[in-house]
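> I'm passing along start_7.cif; it holds mmCIF, C-alpha atoms.
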```
data_upload
#
loop_
_atom_site.label_atom_id
_atom_site.label_comp_id
_atom_site.auth_asym_id
_atom_site.auth_seq_id
_atom_site.Cartn_x
_atom_site.Cartn_y
_atom_site.Cartn_z
CA MET A 138 53.93 4.23 -49.76
CA ALA A 139 52.06 6.73 -47.59
CA VAL A 140 53.11 9.54 -49.94
CA ILE A 141 51.82 7.60 -52.96
CA VAL A 142 48.43 7.02 -51.33
CA LEU A 143 48.23 10.65 -50.25
CA VAL A 144 49.02 11.92 -53.77
CA LEU A 145 46.40 9.65 -55.31
CA LEU A 146 43.74 10.66 -52.79
CA LEU A 147 44.55 14.36 -53.17
CA THR A 148 44.23 13.91 -56.92
CA THR A 149 40.90 12.11 -56.56
CA LEU A 150 39.22 14.94 -54.66
CA PRO A 151 39.63 17.88 -57.12
CA LEU A 152 39.12 15.63 -60.15
CA SER A 153 35.84 14.30 -58.81
CA LEU A 154 34.59 17.79 -57.88
CA LEU A 155 35.54 19.29 -61.25
CA GLY A 156 34.26 16.23 -63.11
CA VAL A 157 30.81 16.24 -61.51
CA ASP A 158 30.48 19.99 -62.06
CA ASP A 159 31.45 19.69 -65.74
CA LEU A 160 29.34 16.59 -66.37
CA PHE A 161 26.14 18.31 -65.25
CA HIS A 162 26.80 22.00 -65.94
CA ALA A 163 29.31 22.46 -68.80
CA LEU A 164 27.82 24.48 -71.66
CA THR A 165 29.26 22.34 -74.47
CA PHE A 166 29.21 18.64 -75.29
CA PRO A 167 33.02 18.38 -75.19
CA GLY A 168 32.85 19.99 -71.75
CA ARG A 169 30.46 17.27 -70.59
CA ILE A 170 32.85 14.65 -72.03
CA THR A 171 35.68 16.27 -70.09
CA GLY A 172 33.59 15.90 -66.94
CA ALA A 173 33.02 12.21 -67.62
CA VAL A 174 36.75 11.70 -68.27
CA LEU A 175 37.68 13.48 -65.02
CA ILE A 176 35.23 11.30 -63.04
CA ALA A 177 36.68 8.16 -64.66
CA VAL A 178 40.21 9.26 -63.80
CA ALA A 179 39.12 10.07 -60.24
CA LEU A 180 37.75 6.54 -59.85
CA THR A 181 40.99 5.17 -61.30
CA THR A 182 43.15 7.13 -58.87
CA LEU A 183 40.92 6.08 -55.96
CA LEU A 184 41.28 2.43 -56.96
CA GLY A 185 45.00 3.06 -57.38
CA ALA A 186 45.24 4.31 -53.78
CA VAL A 187 43.44 1.19 -52.48
CA ALA A 188 45.59 -1.03 -54.69
CA ALA A 189 48.76 0.64 -53.37
CA LEU A 190 47.77 -0.29 -49.82
CA ASP A 191 47.11 -3.86 -50.90
CA HIS A 192 50.37 -4.01 -52.86
CA TRP A 193 52.43 -3.04 -49.81
CA PHE A 194 50.45 -4.52 -46.92
CA TRP A 195 47.58 -6.92 -47.61
CA HIS A 196 48.82 -8.83 -50.71
CA SER A 197 45.29 -10.10 -51.36
CA PHE A 198 45.20 -9.22 -55.08
CA PRO A 199 48.09 -10.38 -57.29
CA TYR A 200 47.77 -7.48 -59.70
CA ALA A 201 47.38 -4.70 -57.09
CA GLY A 202 50.73 -3.26 -58.14
CA ALA A 203 49.56 -2.96 -61.75
CA VAL A 204 46.36 -1.19 -60.66
CA ALA A 205 48.40 1.17 -58.46
CA LEU A 206 50.72 1.88 -61.41
CA ILE A 207 47.80 2.63 -63.73
CA GLY A 208 46.26 4.92 -61.10
CA ALA A 209 49.53 6.79 -60.62
CA PHE A 210 50.04 7.15 -64.39
CA ALA A 211 46.48 8.42 -64.89
CA ALA A 212 47.00 10.90 -62.05
CA PHE A 213 50.25 12.13 -63.62
CA VAL A 214 48.77 12.68 -67.10
CA THR A 215 45.65 14.42 -65.79
CA ASN A 216 47.51 16.60 -63.28
CA LEU A 217 49.91 17.62 -66.04
CA PHE A 218 47.01 18.66 -68.30
CA LEU A 219 45.40 20.62 -65.48
CA LEU A 220 48.71 22.29 -64.67
CA VAL A 221 49.05 23.41 -68.30
CA GLU A 222 45.45 24.65 -68.34
CA THR A 223 45.67 26.60 -65.08
CA THR A 224 49.04 28.09 -66.04
CA LYS A 225 47.82 29.15 -69.49
CA ASP A 226 44.33 30.42 -68.65
CA GLY A 227 43.93 30.43 -64.88
CA ASP A 228 44.29 33.34 -62.48
CA SER A 229 44.69 31.27 -59.30
CA ALA A 230 48.23 30.77 -58.00
CA THR A 231 46.78 28.32 -55.45
CA PHE A 232 45.45 25.93 -58.11
CA SER A 233 48.63 26.24 -60.18
CA ALA A 234 50.73 25.36 -57.13
CA LEU A 235 48.37 22.49 -56.23
CA PHE A 236 48.51 20.87 -59.67
CA ALA A 237 52.26 21.47 -59.91
CA ALA A 238 52.74 19.61 -56.62
CA LEU A 239 50.35 16.84 -57.65
CA THR A 240 52.08 16.48 -61.05
CA ALA A 241 55.47 16.11 -59.38
CA GLY A 242 54.04 13.77 -56.73
CA SER A 243 52.24 11.55 -59.24
CA ALA A 244 55.35 11.38 -61.47
CA TRP A 245 57.34 10.21 -58.45
CA ALA A 246 54.55 7.73 -57.60
CA VAL A 247 54.79 6.16 -61.09
CA VAL A 248 58.53 5.65 -60.66
CA ALA A 249 58.19 4.36 -57.08
CA VAL A 250 55.51 1.80 -57.96
CA TRP A 251 57.37 0.66 -61.08
CA ARG A 252 60.53 -0.03 -59.03
CA THR A 253 58.68 -2.57 -56.87
CA SER A 254 58.80 -5.13 -59.70
CA VAL A 255 55.11 -4.82 -60.53
CA VAL A 256 53.50 -7.83 -62.18
CA ILE A 257 51.60 -6.62 -65.25
CA PRO A 258 49.19 -9.10 -66.89
CA ALA A 259 49.19 -8.85 -70.71
CA PRO A 260 51.59 -5.90 -70.70
CA LYS A 261 50.98 -5.10 -74.37
CA ARG A 262 47.24 -4.76 -73.78
CA VAL A 263 47.78 -2.59 -70.72
CA ALA A 264 50.21 -0.40 -72.65
CA ALA A 265 47.75 -0.12 -75.54
CA ALA A 266 44.94 0.84 -73.14
CA LEU A 267 47.08 3.53 -71.54
CA ILE A 268 48.13 4.91 -74.92
CA VAL A 269 44.57 4.97 -76.27
CA SER A 270 43.19 6.65 -73.14
CA SER A 271 46.00 9.22 -73.22
CA VAL A 272 45.33 9.98 -76.90
CA ILE A 273 41.62 10.44 -76.19
CA ALA A 274 42.40 12.77 -73.29
CA ILE A 275 44.86 14.78 -75.40
CA ALA A 276 42.39 15.00 -78.30
CA ASN A 277 39.61 16.22 -76.00
CA PHE A 278 41.95 18.72 -74.36
CA GLY A 279 43.07 20.00 -77.77
CA TYR A 280 39.49 20.33 -79.01
CA GLN A 281 38.46 22.26 -75.92
CA ASN A 282 41.45 24.59 -75.83
CA LEU A 283 42.81 24.82 -79.37
CA TYR A 284 40.17 24.07 -81.99
CA GLN A 285 36.98 25.30 -80.35
CA PRO A 286 38.11 28.87 -79.56
CA TYR A 287 39.09 29.36 -83.20
CA GLN A 288 36.31 27.54 -85.02
CA ARG A 289 34.32 29.44 -87.59
CA GLU A 290 32.21 32.11 -86.00
CA THR A 291 28.45 32.04 -86.32
CA ARG A 292 26.35 35.16 -86.10
CA PRO A 293 22.65 36.08 -86.40
CA LEU A 294 21.25 38.16 -89.22
CA LEU A 295 19.99 41.71 -88.60
CA LYS A 296 17.70 43.37 -91.16
CA LEU A 297 16.28 46.88 -91.53
CA SER A 298 13.37 47.91 -93.74
CA THR A 299 11.19 51.01 -93.96
CA GLY A 300 7.45 51.23 -94.45
CA LYS A 301 5.21 53.85 -96.01
CA PRO A 302 5.51 57.18 -94.16
CA ASP A 303 2.44 58.69 -92.51
CA VAL A 304 1.77 62.43 -92.38
CA SER A 305 -0.01 63.97 -89.39
CA GLN A 306 -3.52 65.38 -89.80
CA ASP A 307 -2.30 68.95 -89.67
CA GLY A 308 0.47 68.17 -92.19
CA LYS A 309 3.18 69.56 -89.93
CA ALA A 310 4.94 66.26 -89.13
CA PHE A 311 5.47 62.84 -90.58
CA ALA A 312 6.56 59.43 -89.29
CA VAL A 313 8.59 56.73 -91.03
CA PRO A 314 8.00 53.19 -89.65
CA VAL A 315 11.14 51.06 -89.46
CA ASP A 316 11.06 47.27 -89.05
CA ILE A 317 14.02 45.57 -87.34
CA THR A 318 14.25 41.81 -87.82
CA PHE A 319 16.69 39.69 -85.85
CA GLU A 320 17.17 36.08 -87.09
CA ASN A 321 19.38 33.32 -85.73
CA HIS A 322 20.04 30.69 -88.41
CA GLY A 323 23.08 29.28 -86.59
CA THR A 324 23.46 26.29 -84.31
CA VAL A 325 24.12 28.18 -81.05
CA GLY A 326 22.09 30.66 -79.05
CA PHE A 327 23.16 34.19 -78.16
CA TYR A 328 22.71 36.42 -75.14
CA VAL A 329 21.67 39.93 -76.15
CA LEU A 330 23.96 42.21 -74.17
CA GLY A 331 22.79 45.44 -75.77
CA THR A 332 21.02 46.81 -78.85
CA GLU A 333 20.70 50.19 -80.46
CA PHE A 334 18.83 51.82 -83.32
CA HIS A 335 19.55 55.33 -84.50
CA ALA A 336 18.46 57.63 -87.30
CA MET A 337 20.70 60.25 -88.84
CA ALA A 338 19.29 63.23 -90.75
CA GLU A 339 21.49 64.43 -93.59
CA HIS A 340 21.88 67.51 -95.75
CA VAL A 341 22.69 66.39 -99.30
CA PRO A 342 22.66 69.43 -101.59
CA LEU A 343 23.56 68.98 -105.27
CA SER A 344 26.53 70.75 -106.85
CA LYS A 345 25.85 72.66 -110.08
CA THR A 346 29.16 71.47 -111.49
CA ASP A 347 31.22 68.30 -111.27
CA ARG A 348 33.14 68.04 -108.04
CA LEU A 349 36.92 67.82 -108.30
CA ARG A 350 39.33 65.15 -107.04
CA GLU A 351 40.40 67.25 -104.06
CA GLN A 352 36.78 67.43 -102.90
CA TRP A 353 36.55 63.63 -103.09
CA ARG A 354 39.64 63.39 -100.90
CA THR A 355 38.02 65.70 -98.36
CA ASP A 356 34.95 63.45 -98.31
CA ALA A 357 37.08 60.34 -97.82
CA GLN A 358 38.93 61.96 -94.89
CA GLN A 359 35.64 62.21 -93.01
CA TRP A 360 35.37 58.39 -92.96
CA ALA A 361 38.12 58.15 -90.35
CA THR A 362 36.25 60.33 -87.84
CA SER A 363 32.62 59.38 -88.47
CA GLN A 364 30.42 56.28 -88.23
CA GLU A 365 28.95 57.29 -91.57
CA LYS A 366 30.62 56.21 -94.78
CA ASN A 367 29.03 58.38 -97.44
CA PRO A 368 29.73 57.73 -101.13
CA LEU A 369 32.17 59.73 -103.19
CA SER A 370 29.74 61.52 -105.48
CA ARG A 371 30.26 63.67 -108.56
CA ARG A 372 27.33 65.95 -107.72
CA GLU A 373 26.01 65.12 -104.21
CA ILE A 374 27.63 67.01 -101.34
CA HIS A 375 27.29 64.76 -98.31
CA GLN A 376 27.57 66.52 -94.98
CA PRO A 377 27.93 64.89 -91.55
CA GLY A 378 24.57 63.60 -90.38
CA GLN A 379 22.84 64.73 -87.22
CA LEU A 380 21.35 62.29 -84.74
CA VAL A 381 17.56 62.66 -84.63
CA GLN A 382 16.69 59.49 -82.70
CA ALA A 383 18.43 56.67 -80.80
CA GLN A 384 16.98 53.85 -78.71
CA PRO A 385 17.45 50.19 -77.72
CA TRP A 386 15.12 47.74 -79.42
CA MET A 387 15.54 44.62 -77.23
CA ASN A 388 15.92 44.15 -73.48
CA PRO A 389 19.51 43.60 -72.33
CA GLY A 390 19.99 40.10 -70.96
CA ASP A 391 17.43 38.46 -73.27
CA TRP A 392 18.56 35.75 -75.69
CA ILE A 393 17.81 34.36 -79.10
CA ASP A 394 17.97 30.59 -79.59
CA PRO A 395 18.86 28.75 -82.81
CA GLY A 396 16.07 29.07 -85.36
CA ASP A 397 14.40 31.95 -83.50
CA GLU A 398 13.34 35.27 -84.99
CA PHE A 399 12.59 38.57 -83.27
CA SER A 400 10.86 41.54 -84.92
CA VAL A 401 10.13 45.02 -83.68
CA ARG A 402 8.89 48.24 -85.28
CA VAL A 403 10.18 51.68 -84.35
CA VAL A 404 8.98 55.02 -85.68
CA VAL A 405 11.10 57.99 -86.71
CA GLN A 406 9.29 61.35 -86.60
CA LEU A 407 10.34 64.63 -88.20
CA PRO A 408 8.63 67.93 -89.01
CA THR A 409 7.42 68.18 -92.59
CA ASP A 410 9.42 71.37 -93.14
CA THR A 411 12.67 69.68 -92.06
CA PRO A 412 15.73 71.17 -93.75
CA TYR A 413 17.24 67.70 -94.22
CA ASP A 414 17.21 65.83 -97.53
CA GLN A 415 17.72 62.22 -96.43
CA VAL A 416 17.52 60.03 -93.36
CA ALA A 417 19.98 57.18 -92.77
CA LEU A 418 18.90 54.31 -90.50
CA TYR A 419 21.24 52.04 -88.52
CA ALA A 420 20.81 49.17 -86.06
CA SER A 421 23.27 47.02 -84.16
CA ALA A 422 23.45 44.43 -81.40
CA SER A 423 26.20 43.29 -79.05
CA LEU A 424 25.92 39.55 -78.40
CA ALA A 425 27.63 36.72 -76.53
CA ARG A 426 27.49 33.05 -77.51
CA LYS A 427 25.59 30.92 -74.99
CA ASP A 428 28.13 28.09 -75.37
CA ARG A 429 31.02 30.35 -74.33
CA LEU A 430 29.68 31.95 -71.16
CA ASP A 431 26.78 31.80 -68.72
CA LEU A 432 25.15 35.17 -68.04
CA GLU A 433 23.86 35.60 -64.50
CA ALA A 434 20.69 37.71 -64.53
CA PRO A 435 20.00 40.52 -64.27
CA LEU A 436 22.05 42.59 -66.67
CA GLN A 437 21.26 45.84 -64.94
CA PHE A 438 22.01 49.53 -65.22
CA LYS A 439 25.20 50.55 -63.45
CA ALA A 440 26.10 54.20 -64.11
CA TYR A 441 25.86 57.31 -66.26
CA SER A 442 29.12 58.63 -67.67
CA TRP A 443 28.15 62.17 -66.68
CA LYS A 444 27.16 61.41 -63.08
CA GLY A 445 29.33 60.30 -60.17
CA ASN A 446 32.66 58.53 -60.41
CA SER A 447 31.53 55.02 -61.40
CA ALA A 448 32.43 55.36 -65.08
CA PRO A 449 35.98 54.40 -66.19
CA ALA A 450 38.40 57.21 -66.94
CA TRP A 451 38.47 56.41 -70.67
CA VAL A 452 34.67 56.73 -70.80
CA LYS A 453 34.87 60.09 -69.03
CA GLU A 454 37.47 61.17 -71.58
CA GLN A 455 35.01 60.50 -74.42
CA GLU A 456 32.67 63.13 -72.99
CA LYS A 457 35.09 65.79 -74.19
CA SER A 458 34.26 64.82 -77.76
CA GLY A 459 30.50 64.91 -77.06
CA LEU A 460 29.94 61.19 -76.48
CA ASP A 461 27.83 60.16 -73.46
CA THR A 462 27.52 56.60 -72.16
CA LEU A 463 25.07 54.43 -70.23
CA ILE A 464 26.79 51.52 -68.47
CA TYR A 465 25.22 48.13 -67.70
CA GLN A 466 26.82 45.20 -65.89
CA ALA A 467 26.22 41.55 -64.92
CA ARG A 468 28.17 38.62 -63.52
CA VAL A 469 29.25 35.96 -66.00
CA HIS A 470 30.44 32.39 -65.48
CA GLU A 471 32.86 30.31 -67.54
CA ASN A 472 31.58 27.53 -69.78
CA ASN A 473 33.47 24.79 -67.92
CA ALA A 474 34.28 23.93 -64.31
CA ILE A 475 38.06 24.12 -64.63
CA ASP A 476 38.05 27.74 -65.80
CA GLU A 477 35.21 28.64 -63.43
CA HIS A 478 37.24 27.56 -60.39
CA THR A 479 40.72 28.65 -61.51
CA ARG A 480 39.91 32.09 -62.97
CA LYS A 481 38.90 35.25 -61.13
CA PRO A 482 35.16 36.12 -61.06
CA ARG A 483 34.29 38.19 -64.10
CA ASN A 484 31.63 40.69 -65.15
CA VAL A 485 30.40 41.71 -68.55
CA THR A 486 30.10 45.48 -68.98
CA VAL A 487 27.94 46.95 -71.72
CA TYR A 488 28.51 50.52 -72.97
CA TRP A 489 25.55 52.23 -74.67
CA GLU A 490 27.02 55.36 -76.28
CA PHE A 491 25.32 58.28 -77.99
CA GLY A 492 26.24 61.70 -79.30
CA ALA A 493 25.34 64.28 -81.93
CA HIS A 494 26.78 62.13 -84.72
CA GLY A 495 25.43 58.68 -83.88
CA SER A 496 25.14 55.95 -81.26
CA SER A 497 26.64 52.51 -80.70
CA VAL A 498 26.75 49.63 -78.23
CA SER A 499 29.77 47.55 -77.19
CA SER A 500 30.66 45.07 -74.46
CA ALA A 501 33.68 43.62 -72.67
CA VAL A 502 34.34 40.88 -70.10
CA ALA A 503 36.87 41.62 -67.36
CA PRO A 504 37.72 40.45 -63.83
CA ASN A 505 36.05 42.26 -60.94
CA GLY A 506 37.86 45.52 -60.28
CA GLU A 507 39.58 45.64 -63.69
CA GLN A 508 36.74 47.02 -65.80
CA SER A 509 38.44 50.43 -66.02
CA ARG A 510 41.55 49.10 -67.75
CA GLN A 511 41.59 49.44 -71.53
CA LEU A 512 42.65 46.23 -73.26
CA THR A 513 45.35 45.99 -75.91
CA GLY A 514 44.36 44.78 -79.37
CA GLU A 515 45.68 41.28 -78.65
CA GLU A 516 43.90 41.10 -75.29
CA LEU A 517 40.67 42.33 -76.86
CA ALA A 518 40.81 39.69 -79.61
CA GLU A 519 41.50 36.92 -77.08
CA MET A 520 38.67 38.09 -74.83
CA ARG A 521 36.17 38.26 -77.70
CA SER A 522 37.18 34.81 -78.92
CA ARG A 523 37.04 33.19 -75.48
CA TYR A 524 33.58 34.52 -74.61
CA GLY A 525 32.10 34.53 -78.11
CA LEU A 526 31.38 38.26 -78.20
CA VAL A 527 29.84 39.18 -81.53
CA ASP A 528 28.62 42.49 -82.97
CA VAL A 529 25.99 42.46 -85.72
CA LEU A 530 25.18 45.55 -87.76
CA ALA A 531 22.52 46.66 -90.21
CA GLY A 532 22.51 49.82 -92.26
CA PRO A 533 22.75 52.37 -93.44
CA VAL A 534 19.33 52.18 -95.01
CA GLU A 535 18.97 55.52 -96.79
CA ARG A 536 15.62 57.12 -97.45
CA THR A 537 15.06 60.33 -99.33
CA LEU A 538 12.64 62.86 -97.82
CA TRP A 539 11.75 64.62 -101.04
CA ASP A 540 8.39 62.89 -101.42
CA ILE A 541 7.41 63.98 -97.90
CA LYS A 542 8.60 67.57 -98.25
CA SER A 543 6.82 67.92 -101.59
CA ARG A 544 3.47 67.54 -99.80
CA ARG A 545 3.81 70.88 -98.03
#
```
Starting from the coordinates I provided, produce the structure as structure tokens.

Amino acid sequence: MAVIVLVLLLTTLPLSLLGVDDLFHALTFPGRITGAVLIAVALTTLLGAVAALDHWFWHSFPYAGAVALIGAFAAFVTNLFLLVETTKDGDSATFSALFAALTAGSAWAVVAVWRTSVVIPAPKRVAAALIVSSVIAIANFGYQNLYQPYQRETRPLLKLSTGKPDVSQDGKAFAVPVDITFENHGTVGFYVLGTEFHAMAEHVPLSKTDRLREQWRTDAQQWATSQEKNPLSRREIHQPGQLVQAQPWMNPGDWIDPGDEFSVRVVVQLPTDTPYDQVALYASASLARKDRLDLEAPLQFKAYSWKGNSAPAWVKEQEKSGLDTLIYQARVHENNAIDEHTRKPRNVTVYWEFGAHGSSVSSAVAPNGEQSRQLTGEELAEMRSRYGLVDVLAGPVERTLWDIKSRR
């Protein structure tokens, strides 16, 4: 009997702590429901512990054995779910061992109470109530852990448009205004982990004769090594673009809520006698869904790839190909209490990269101390799905420079 009471009380404590945390702080409605369910189960196991004492000692309530049995069964089902969750997604061996012990203890408690010839009033109704509550718990668990991570992704819309270019008073330079519009038509908000805008200047001379199939193949081979995907053209000879400008256009760590819109104008300047024929404009943003993680401000600058030893080895390796990186970092929290307490603390790291042939921004979430490890394709997909990491792109928006150069 003492073991049964101890198991039920030890189950009550973590369930009540996790339940209260989820009920008030979970980032999703199903997470709040999970919190309410955990609190209800904690109350049931607490009542079960009191009923077990009455069933063995006081005999003041005729159905104390039934209440103790229900409490033990609820403890078994919930501990089993938590054991599965911590084994599948958790990093804590302590919590896995705790819920494994509580699962075994509560299973034994169910058998021990049942063997005492428990009197169950309206057994069919009690059985139906246990089945219904178990189905609800299983459905909620499945929604949280199976359906939700793989539901249809939602992403904001990123637009680029150019305005009328302005020529300087002395006619030696011109500026092209570029409007970046960021719209969130979805039902969830997004943290903005990083943004980038860059302009590529391109030589596009015209061939006097039709270009042959082998030349098209050469053009297509460049797609594998360049961010630019130029068309296969019969007369245009597209050469790799050169970066003329790159910059962020929104503060890292900001967010955009459902229905919000953000607009900003940047200006690209070039000399009027530029040898380039076209300019290609690109913009992108690295985002995280606000219902999948909680970003702890600030998302602050961490390191340069070319200074010190703070950058990962794989980032240092990219320097050999002419790609430099700015690194930003912030602490993130899980979207529910169970994962928050059973998984290692994690950071989001944002990589703002730039080089002669373009710029980009990317992000990754990893446990403290493991940011330097490159993830496999499967690990990367799982990480992006779990934390709702989304990349949105706009461009290329091509603009010819012939009208500007003709003013010379």
> Once the PyMOL selection byres ((chain A and resi 378-395) around 7) is applied to the coordinates I shared, what remains selected? I want it as a PyMOL selection string.
chain A and resi 321-339+376-377+396-397+434-436+493-496
> Just write the chosen residues, C-alpha atoms, as a PDB file, in the coordinates of the input.

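Final output, again.pdb:
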```pdb
ATOM      1  CA  ASN A 321      19.380  33.320 -85.730  1.00  0.00           C
ATOM      2  CA  HIS A 322      20.040  30.690 -88.410  1.00  0.00           C
ATOM      3  CA  GLY A 323      23.080  29.280 -86.590  1.00  0.00           C
ATOM      4  CA  THR A 324      23.460  26.290 -84.310  1.00  0.00           C
ATOM      5  CA  VAL A 325      24.120  28.180 -81.050  1.00  0.00           C
ATOM      6  CA  GLY A 326      22.090  30.660 -79.050  1.00  0.00           C
ATOM      7  CA  PHE A 327      23.160  34.190 -78.160  1.00  0.00           C
ATOM      8  CA  TYR A 328      22.710  36.420 -75.140  1.00  0.00           C
ATOM      9  CA  VAL A 329      21.670  39.930 -76.150  1.00  0.00           C
ATOM     10  CA  LEU A 330      23.960  42.210 -74.170  1.00  0.00           C
ATOM     11  CA  GLY A 331      22.790  45.440 -75.770  1.00  0.00           C
ATOM     12  CA  THR A 332      21.020  46.810 -78.850  1.00  0.00           C
ATOM     13  CA  GLU A 333      20.700  50.190 -80.460  1.00  0.00           C
ATOM     14  CA  PHE A 334      18.830  51.820 -83.320  1.00  0.00           C
ATOM     15  CA  HIS A 335      19.550  55.330 -84.500  1.00  0.00           C
ATOM     16  CA  ALA A 336      18.460  57.630 -87.300  1.00  0.00           C
ATOM     17  CA  MET A 337      20.700  60.250 -88.840  1.00  0.00           C
ATOM     18  CA  ALA A 338      19.290  63.230 -90.750  1.00  0.00           C
ATOM     19  CA  GLU A 339      21.490  64.430 -93.590  1.00  0.00           C
ATOM     20  CA  GLN A 376      27.570  66.520 -94.980  1.00  0.00           C
ATOM     21  CA  PRO A 377      27.930  64.890 -91.550  1.00  0.00           C
ATOM     22  CA  GLY A 396      16.070  29.070 -85.360  1.00  0.00           C
ATOM     23  CA  ASP A 397      14.400  31.950 -83.500  1.00  0.00           C
ATOM     24  CA  ALA A 434      20.690  37.710 -64.530  1.00  0.00           C
ATOM     25  CA  PRO A 435      20.000  40.520 -64.270  1.00  0.00           C
ATOM     26  CA  LEU A 436      22.050  42.590 -66.670  1.00  0.00           C
ATOM     27  CA  ALA A 493      25.340  64.280 -81.930  1.00  0.00           C
ATOM     28  CA  HIS A 494      26.780  62.130 -84.720  1.00  0.00           C
ATOM     29  CA  GLY A 495      25.430  58.680 -83.880  1.00  0.00           C
ATOM     30  CA  SER A 496      25.140  55.950 -81.260  1.00  0.00           C
TER      31      SER A 496
END
```
> Could you state which residues are captured by the PyMOL selection byres ((chain A and resi 144) around 8) in this file, as a ChimeraX atom specification?
/A:140-143,145-148,239,242-243,246
> Residue by residue, what does the PyMOL selection byres ((chain A and resi 291-308) around 6) grab here? Present the result as a list in words.
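Written out, the selection comes to Glu290, Lys309, Ala310, Phe311, Ala312, Val313, Pro314, Val315, Asp316, Ile317, Thr318, Phe319, Glu320, Asn321 and Ala531 of chain A.
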> Smallest atom-to-atom distance to Gly506 of chain A: which of A:Pro482, A:Gly156, A:Gly168, A:Gly525, using only C-alpha atoms?
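Of all the options, A:Pro482 lies closest to Gly506 of chain A.
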> Would you mind reading off the distance between atom CA of Gly202 of chain A and atom CA of Leu154 of chain A, one decimal, in Å?
26.5 Å
> How far is it from atom CA of Ala448 of chain A to atom CA of Met520 of chain A, in Å with one decimal?
20.8 Å
> Between atom CA of Ala440 of chain A and atom CA of Phe399 of chain A, what distance in Å does the model show, to one decimal?
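Going from atom CA of Ala440 of chain A over to atom CA of Phe399 of chain A covers 28.2 Å.
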> Find the residues around Thr479 of chain A up to 12 Å (all atoms listed in the file counted), leave out those fewer than 6 positions away in its own chain, and share them as a list of chain:residue names.
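Selected residues are A:Pro151, A:Leu155, A:Leu219, A:Leu220, A:Val221, A:Glu222, A:Thr223, A:Thr224, A:Lys225, A:Asp226, A:Gly227, A:Asp228, A:Ser229, A:Ala230, A:Thr231, A:Phe232, A:Ser233, A:Ala234, A:Leu235, A:Phe236, A:His470, A:Glu471, A:Asn473.
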> Write out the residues from the selection above, keeping C-alpha atoms, as a PDB file, in the frame of the given file.

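File written: out-v4.pdb
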```
ATOM      1  CA  PRO A 151      39.630  17.880 -57.120  1.00  0.00           C
ATOM      2  CA  LEU A 155      35.540  19.290 -61.250  1.00  0.00           C
ATOM      3  CA  LEU A 219      45.400  20.620 -65.480  1.00  0.00           C
ATOM      4  CA  LEU A 220      48.710  22.290 -64.670  1.00  0.00           C
ATOM      5  CA  VAL A 221      49.050  23.410 -68.300  1.00  0.00           C
ATOM      6  CA  GLU A 222      45.450  24.650 -68.340  1.00  0.00           C
ATOM      7  CA  THR A 223      45.670  26.600 -65.080  1.00  0.00           C
ATOM      8  CA  THR A 224      49.040  28.090 -66.040  1.00  0.00           C
ATOM      9  CA  LYS A 225      47.820  29.150 -69.490  1.00  0.00           C
ATOM     10  CA  ASP A 226      44.330  30.420 -68.650  1.00  0.00           C
ATOM     11  CA  GLY A 227      43.930  30.430 -64.880  1.00  0.00           C
ATOM     12  CA  ASP A 228      44.290  33.340 -62.480  1.00  0.00           C
ATOM     13  CA  SER A 229      44.690  31.270 -59.300  1.00  0.00           C
ATOM     14  CA  ALA A 230      48.230  30.770 -58.000  1.00  0.00           C
ATOM     15  CA  THR A 231      46.780  28.320 -55.450  1.00  0.00           C
ATOM     16  CA  PHE A 232      45.450  25.930 -58.110  1.00  0.00           C
ATOM     17  CA  SER A 233      48.630  26.240 -60.180  1.00  0.00           C
ATOM     18  CA  ALA A 234      50.730  25.360 -57.130  1.00  0.00           C
ATOM     19  CA  LEU A 235      48.370  22.490 -56.230  1.00  0.00           C
ATOM     20  CA  PHE A 236      48.510  20.870 -59.670  1.00  0.00           C
ATOM     21  CA  HIS A 470      30.440  32.390 -65.480  1.00  0.00           C
ATOM     22  CA  GLU A 471      32.860  30.310 -67.540  1.00  0.00           C
ATOM     23  CA  ASN A 473      33.470  24.790 -67.920  1.00  0.00           C
TER      24      ASN A 473
END
```
> Just the residues within 7 Å of segment 487-491 of chain A, please, counting only C-alpha atoms, with nothing from its chain fewer than 2 positions along; format it as a PyMOL selection string.
chain A and resi 330-331+460-466+485+495-501
> Can you work out which one of A:Val452, A:Leu407, A:Ala188, A:Ile207 has the shortest atom-to-atom distance to Ser509 of chain A, counting only C-alpha atoms?
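Among the listed residues, A:Val452 lies closest to Ser509 of chain A.
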> Taking into account all atoms listed in the file, which residue in the set A:Ala241, A:His375, A:Leu538, A:Val247 is nearest to Gln406 of chain A?
A:Leu538
> Need to verify the contact set: Thr165 of chain A, 9 Å, all atoms listed in the file, exclusion of same-chain residues closer than 4 positions in sequence. Can you return it as a list in words?
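Non-adjacent residues within range: Arg169, Ile170, Asp428, Arg429, Asn472 and Asn473 of chain A.
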